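Colleague: First the structure, then my questions, so here it is.
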Amino acid sequence: MPDKNMTKILNKKSRAMTQGVERTANRAMLRAVGFEDDDFTKPIVGIASADSDVSPCNMHLDQIARYSRSRLKESGSMPLTFHTFVVTDGEAMGHEGMKSSLVSREVIADVIELSARGHQMDGLLGIGGCDKTIPGTVMGMARMNVPSVFVYGGSIAPGIHRGEPVDIVSAFEAVGACSAGAITDEERLLIEKAACPGAGACGGMYTANTMASAMEAIGMSIPGSASVPAVSEHRQWVMEASADALMNCLREDLLPRDIMTRRAFENAIRLVMALGGSTNAVLHLLALAREVDVELSIDDFNHFYDSTPIVTNMKPAGRYVMIDLYKVGGVQMVMRMLLDEGLLHGDCMTVTGKTLAENLSRVQVRLEGQEVVRSFADPEQPRGPVAILKGNLAPEGAVVKTCGLNEFSHTGPARVFNNEEEALEAILQDRVVAGDVVVIRYEGPKGGPGMREMLSPTAAIAGAGLSKKVALITDGRFSGGSHGMVVGHVAPEAQAGGPVGLVRDGDLITISTATKELTVHLEEKELESRRADWTPRETGYHRGALAKFARLCSSAATGAVTS
């Protein structure tokens, strides 16, 4: 039988590195970084910071981490900071660099595992900003299963152009608008200069804000933290309260696997749907569920799509950004609305040591006098933003984004491209016309490799005014900023022999959210004939991280994971 008193020993892991005469050399090293005699019995808490000055999303994370570090030390632990990293999608988008983005999620999880295991850390405080730093950090915490809390670095303020708010997606869409002659190049440049005014992750309900909200709903972040802007007077409170929550998790031996249960994942999916969140949530929640051995499949998402209306008017399909949601009550208000409707599991445990319902007990819902959040009686859209399609073009599944369109059905001729650059060139040169179905393949996890996001082509289509006239399907991914008739994560991918690799120009393709169908109008005999002539493409990556990812990663339908 385990000793019940062990739950009060907070340095259960690190004592293997700090206790006993045989650990003399280990302690000598720790003394060099600030440990004194009394510190060797304290728990060692790793602060995993994704700080980097390569992007506004992450440029402030070390600065705000100091609040948590001071609080942890005051509370009787020994915080040690180490760094993960970021491949920021906004800068990587549209070129080879985007192949590194999804791979970074896996490597961030590995960095946290190796750092925490290598230094026998008793707890983890993870701080992330840009898209993959959020799931990657929590995946690493889940893998180690030591007391852990995730902290989101917060969202950027919108820029202002001619008195109207603009953001990074405005800049991407300005490319298509300029190419189509809808705006001048001078106007495009002004939008470029205004779009990103300072620190913080992209402002709409794109992937970073979607995943930060999901981590709050799943119970791994403190209540109210996902909505707080990067630059806010409440930022210090978020950091200190997160440190307090972590110390409580250490005292109570509350672990990530205690929190991230199947019901907690259902809460996260439900919130993503209500917020109008990103398609990437499917990929990341599947990957995270795998880390904690929770049974979650791509097919589970349609239940939540069918039964959850979108109640926020958030970009990319709507008008508002995260700071606007924060001002009217934040993610917590939407969660309280869901709880009141019986759509959340209120008994799920969270990092506060309280249940989700207990955390929401004092949250008030105020819908009058604002347009950011609507009631369930009068939602923005009667169903969620993300559905799963299947058919002979996607036997394992594909992810469609319906945000801003509700249900749609589209049948049109395929315009086939074997990479993103070819497709973008055709769109900008007006070689894609209303009614077409753009097919971008060999951009999947193995085929890219790296499963790039297709924000540049979707933004060009939107900027040209074709978002409701041209559909786009891909075995790659979409940015949370993409909108229109877009279908991604087509699985199996082309590189793995999926049917999307057999499509030819002119083949008729049907996309239907009503029937959840993705079909190419070809007989199975014709597909088999084409398959006999098919061979995988040469990716050009034979060593290094991208080559390893291509060899190890699973299908997008199971999260594109390497573990």
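In the structure tokens, chains take letters A, B, ... by order of appearance, with residues numbered from 1 within each chain and ligands from 1 in the order shown.
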List every residue of segment 280-365 of chain A that DSSP, applied to the backbone, labels as helix (DSSP H, G or I), and write the result as an MDAnalysis selection string.
Modeller: chainID A and resid 280:291 298:307 322:328 330:340 356:360
Colleague: Using only C-alpha atoms, determine which residues lie at most 12 Å from segment 74-80 of chain A, disregarding the query and same-chain residues fewer than 3 positions distant; provide the list as a PyMOL selection string.
Modeller: chain A and resi 9-11+14+30-31+33-36+38-49+65-71+83+115-116+119-126+240-241+243-248+250-251
Colleague: I want to know what sits within 7 Å of Val416 of chain A, based on only C-alpha atoms, with residues of the same chain fewer than 6 positions away left out; could you give that as a compact mmCIF listing (two decimals) with N, CA, C and O atoms, in the first residue's frame?
Modeller:
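The resulting file, selection-v2.txt, is shown below:
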# COMPACT_ATOMS: atom_id res chain seq x y z
N VAL A 438 -11.24 23.73 -55.96
CA VAL A 438 -9.78 23.68 -55.94
C VAL A 438 -9.34 22.51 -55.06
O VAL A 438 -9.78 22.37 -53.92
N VAL A 439 -8.50 21.65 -55.61
CA VAL A 439 -7.97 20.50 -54.88
C VAL A 439 -6.47 20.70 -54.69
O VAL A 439 -5.72 20.75 -55.69
N ILE A 440 -6.04 20.86 -53.45
CA ILE A 440 -4.61 20.99 -53.14
C ILE A 440 -4.19 19.74 -52.38
O ILE A 440 -4.63 19.50 -51.26
N ARG A 504 -8.53 13.99 -60.99
CA ARG A 504 -7.99 14.69 -62.14
C ARG A 504 -8.83 15.94 -62.44
O ARG A 504 -9.99 16.03 -62.04
N ASP A 505 -8.24 16.88 -63.15
CA ASP A 505 -8.97 18.08 -63.55
C ASP A 505 -10.28 17.70 -64.23
O ASP A 505 -10.31 16.82 -65.10
Colleague: Write out as JSON lines a residue-level contact list of segment 404-468 of chain A versus segment 472-483 of chain A with cut-off 6 Å: for each qualifying residue the closest pair of atoms and the distance in Å to one decimal, counting only C-alpha atoms, rows sorted by chain and residue number upward.
Modeller:
{"residue": "A:Val437", "atom": "CA", "partner": "A:Leu472", "partner_atom": "CA", "distance": 5.5}
{"residue": "A:Val438", "atom": "CA", "partner": "A:Leu472", "partner_atom": "CA", "distance": 4.5}
{"residue": "A:Val439", "atom": "CA", "partner": "A:Ile473", "partner_atom": "CA", "distance": 5.0}
{"residue": "A:Ile440", "atom": "CA", "partner": "A:Thr474", "partner_atom": "CA", "distance": 4.7}
{"residue": "A:Arg441", "atom": "CA", "partner": "A:Thr474", "partner_atom": "CA", "distance": 5.5}
{"residue": "A:Glu443", "atom": "CA", "partner": "A:Gly476", "partner_atom": "CA", "distance": 4.7}
{"residue": "A:Gly444", "atom": "CA", "partner": "A:Gly476", "partner_atom": "CA", "distance": 4.6}
{"residue": "A:Met451", "atom": "CA", "partner": "A:Gly476", "partner_atom": "CA", "distance": 4.6}
{"residue": "A:Arg452", "atom": "CA", "partner": "A:Gly476", "partner_atom": "CA", "distance": 5.5}
{"residue": "A:Glu453", "atom": "CA", "partner": "A:Arg477", "partner_atom": "CA", "distance": 4.4}
{"residue": "A:Met454", "atom": "CA", "partner": "A:Phe478", "partner_atom": "CA", "distance": 5.1}
{"residue": "A:Leu455", "atom": "CA", "partner": "A:Ser479", "partner_atom": "CA", "distance": 5.5}
{"residue": "A:Thr458", "atom": "CA", "partner": "A:Ser482", "partner_atom": "CA", "distance": 6.0}
Colleague: Residues within 7 Å of Pro379 of chain A, please, as a VMD selection string. Count only C-alpha atoms; anything in the same chain fewer than 3 positions from it doesn't count.
Modeller: chain A and resid 309 to 311 374 to 376 382
Colleague: Write out as number ranges by chain all residues of segment 237-379 of chain A that backbone DSSP assigns to strand (DSSP E or B).
Modeller: A: 310, 312, 314, 320, 349, 355, 373
Colleague: Atoms to include: all heavy atoms. Write the selected residues as an mmCIF file, in the first residue's frame.
Modeller:
data_model
loop_
_atom_site.group_PDB
_atom_site.id
_atom_site.type_symbol
_atom_site.label_atom_id
_atom_site.label_comp_id
_atom_site.auth_asym_id
_atom_site.auth_seq_id
_atom_site.Cartn_x
_atom_site.Cartn_y
_atom_site.Cartn_z
ATOM 1 N N ILE A 310 -23.529 28.250 -32.707
ATOM 2 C CA ILE A 310 -22.506 29.281 -32.509
ATOM 3 C C ILE A 310 -23.189 30.499 -31.904
ATOM 4 O O ILE A 310 -24.156 31.020 -32.478
ATOM 5 C CB ILE A 310 -21.833 29.675 -33.826
ATOM 6 C CG1 ILE A 310 -21.164 28.468 -34.479
ATOM 7 C CG2 ILE A 310 -20.798 30.776 -33.594
ATOM 8 C CD1 ILE A 310 -20.582 28.756 -35.852
ATOM 9 N N THR A 312 -21.301 33.291 -30.696
ATOM 10 C CA THR A 312 -20.453 34.484 -30.738
ATOM 11 C C THR A 312 -20.323 34.994 -32.163
ATOM 12 O O THR A 312 -20.309 34.216 -33.121
ATOM 13 C CB THR A 312 -19.045 34.187 -30.190
ATOM 14 O OG1 THR A 312 -18.439 33.169 -30.983
ATOM 15 C CG2 THR A 312 -19.111 33.761 -28.737
ATOM 16 N N MET A 314 -17.724 36.263 -33.872
ATOM 17 C CA MET A 314 -16.271 36.434 -33.853
ATOM 18 C C MET A 314 -15.666 36.234 -35.242
ATOM 19 O O MET A 314 -16.163 35.450 -36.049
ATOM 20 C CB MET A 314 -15.651 35.410 -32.892
ATOM 21 C CG MET A 314 -16.151 35.506 -31.454
ATOM 22 S SD MET A 314 -15.357 36.829 -30.534
ATOM 23 C CE MET A 314 -13.752 36.105 -30.239
ATOM 24 N N TYR A 320 -16.039 40.460 -34.513
ATOM 25 C CA TYR A 320 -15.323 40.818 -33.290
ATOM 26 C C TYR A 320 -14.119 39.921 -33.020
ATOM 27 O O TYR A 320 -13.965 38.849 -33.605
ATOM 28 C CB TYR A 320 -16.298 40.786 -32.110
ATOM 29 C CG TYR A 320 -17.404 41.808 -32.248
ATOM 30 C CD1 TYR A 320 -18.687 41.416 -32.631
ATOM 31 C CD2 TYR A 320 -17.162 43.155 -32.044
ATOM 32 C CE1 TYR A 320 -19.703 42.352 -32.781
ATOM 33 C CE2 TYR A 320 -18.179 44.102 -32.195
ATOM 34 C CZ TYR A 320 -19.448 43.688 -32.565
ATOM 35 O OH TYR A 320 -20.441 44.627 -32.720
ATOM 36 N N MET A 349 -13.334 18.012 -12.817
ATOM 37 C CA MET A 349 -12.327 18.665 -11.982
ATOM 38 C C MET A 349 -11.446 19.574 -12.832
ATOM 39 O O MET A 349 -11.212 19.322 -14.018
ATOM 40 C CB MET A 349 -11.483 17.606 -11.276
ATOM 41 C CG MET A 349 -10.443 18.159 -10.305
ATOM 42 S SD MET A 349 -11.143 19.257 -9.043
ATOM 43 C CE MET A 349 -12.265 18.124 -8.208
ATOM 44 N N THR A 355 -14.619 21.977 -9.178
ATOM 45 C CA THR A 355 -15.237 21.526 -10.416
ATOM 46 C C THR A 355 -15.499 22.702 -11.346
ATOM 47 O O THR A 355 -15.497 23.870 -10.920
ATOM 48 C CB THR A 355 -16.562 20.807 -10.148
ATOM 49 O OG1 THR A 355 -17.495 21.756 -9.606
ATOM 50 C CG2 THR A 355 -16.374 19.644 -9.194
ATOM 51 N N VAL A 373 -21.837 38.415 -28.106
ATOM 52 C CA VAL A 373 -22.398 37.116 -27.723
ATOM 53 C C VAL A 373 -23.914 37.193 -27.827
ATOM 54 O O VAL A 373 -24.528 38.156 -27.350
ATOM 55 C CB VAL A 373 -21.993 36.723 -26.291
ATOM 56 C CG1 VAL A 373 -22.544 35.347 -25.933
ATOM 57 C CG2 VAL A 373 -20.471 36.735 -26.136
#
Colleague: Which is closest to Ser307 of chain A among A:Leu344, A:Ala462, A:Met239, A:Val503, if we use only C-alpha atoms?
Modeller: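 Looking only at the distances to Ser307 of chain A, the closest residue turns out to be A:Leu344.
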Colleague: Give me the residues near Arg336 of chain A as a VMD selection string, where near means some atom within 12 Å (using only C-alpha atoms) and where sequence neighbours in that chain fewer than 5 positions away do not count.
Modeller: chain A and resid 217 223 to 224 267 271 274 329 to 331 341 to 346 356 to 366 375
Colleague: Quick one: residues within 10 Å of Ala199 of chain A, only C-alpha atoms counted, chain neighbours fewer than 3 positions away excluded, as a short mmCIF file (atom, residue, chain, number, x, y, z; two decimals) with N, CA, C and O atoms, in the first residue's frame?
Modeller:
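Wrote it out as around_31.cif, contents follow:
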data_model
loop_
_atom_site.label_atom_id
_atom_site.label_comp_id
_atom_site.auth_asym_id
_atom_site.auth_seq_id
_atom_site.Cartn_x
_atom_site.Cartn_y
_atom_site.Cartn_z
N ASP A 53 11.34 36.30 -29.74
CA ASP A 53 11.06 37.57 -30.40
C ASP A 53 10.89 37.40 -31.91
O ASP A 53 10.95 38.37 -32.66
N SER A 55 8.01 36.47 -33.04
CA SER A 55 6.61 36.75 -33.33
C SER A 55 5.96 37.57 -32.23
O SER A 55 6.35 37.47 -31.05
N PRO A 56 4.94 38.36 -32.56
CA PRO A 56 4.22 39.11 -31.53
C PRO A 56 3.50 38.19 -30.55
O PRO A 56 3.29 38.55 -29.39
N CYS A 57 3.13 36.99 -31.00
CA CYS A 57 2.40 36.06 -30.15
C CYS A 57 3.19 35.68 -28.90
O CYS A 57 2.62 35.41 -27.84
N ASN A 58 4.50 35.63 -29.03
CA ASN A 58 5.35 35.06 -27.99
C ASN A 58 6.40 36.02 -27.43
O ASN A 58 7.12 35.67 -26.50
N MET A 59 6.47 37.22 -27.96
CA MET A 59 7.58 38.12 -27.63
C MET A 59 7.56 38.60 -26.18
O MET A 59 8.57 39.07 -25.67
N HIS A 60 6.44 38.43 -25.49
CA HIS A 60 6.30 38.95 -24.13
C HIS A 60 6.24 37.87 -23.06
O HIS A 60 6.05 38.18 -21.88
N LEU A 61 6.39 36.60 -23.45
CA LEU A 61 6.11 35.52 -22.52
C LEU A 61 7.10 35.46 -21.35
O LEU A 61 6.71 35.18 -20.21
N GLY A 129 1.80 30.88 -26.61
CA GLY A 129 1.15 31.98 -27.31
C GLY A 129 0.63 31.53 -28.66
O GLY A 129 -0.54 31.25 -28.83
N GLY A 153 -0.62 33.28 -23.18
CA GLY A 153 -0.04 34.62 -23.14
C GLY A 153 -0.97 35.73 -23.55
O GLY A 153 -0.65 36.91 -23.38
N GLY A 154 -2.14 35.40 -24.08
CA GLY A 154 -3.13 36.42 -24.39
C GLY A 154 -3.14 36.86 -25.84
O GLY A 154 -2.22 36.61 -26.62
N SER A 155 -4.21 37.55 -26.19
CA SER A 155 -4.48 37.94 -27.57
C SER A 155 -4.02 39.37 -27.85
O SER A 155 -3.98 40.22 -26.96
N ILE A 156 -3.69 39.62 -29.10
CA ILE A 156 -3.27 40.94 -29.55
C ILE A 156 -4.46 41.89 -29.67
O ILE A 156 -5.60 41.46 -29.87
N ALA A 157 -4.20 43.17 -29.52
CA ALA A 157 -5.23 44.18 -29.79
C ALA A 157 -5.39 44.33 -31.30
O ALA A 157 -4.43 44.12 -32.06
N CYS A 196 -0.88 44.48 -37.07
CA CYS A 196 -0.34 43.87 -35.85
C CYS A 196 0.32 44.94 -34.98
O CYS A 196 1.52 45.20 -35.12
N CYS A 202 -2.93 36.15 -32.57
CA CYS A 202 -3.92 36.66 -33.51
C CYS A 202 -5.30 36.79 -32.85
O CYS A 202 -5.75 35.88 -32.14
N PRO A 229 -6.40 39.89 -22.45
CA PRO A 229 -5.48 40.31 -23.51
C PRO A 229 -4.02 40.22 -23.07
O PRO A 229 -3.70 40.24 -21.88
N ALA A 230 -3.13 40.13 -24.06
CA ALA A 230 -1.70 40.05 -23.78
C ALA A 230 -1.23 41.27 -22.99
O ALA A 230 -0.44 41.14 -22.05
N VAL A 231 -1.71 42.42 -23.39
CA VAL A 231 -1.34 43.66 -22.70
C VAL A 231 -2.56 44.12 -21.91
O VAL A 231 -3.48 44.73 -22.44
#
Colleague: With distances taken over only C-alpha atoms, which residue among A:Glu523, A:Glu106, A:Asp258, A:Glu266 lies nearest His303 of chain A?
Modeller: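 Checking each of A:Glu523, A:Glu106, A:Asp258, A:Glu266 against His303 of chain A, counting only C-alpha atoms, the winner is A:Glu266.
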Colleague: May I ask for the distance between atom CA of Thr81 of chain A and atom CA of Phe549 of chain A, given in Å to one decimal place?
Modeller: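 Computing it gives 27.4 Å between the two atoms.
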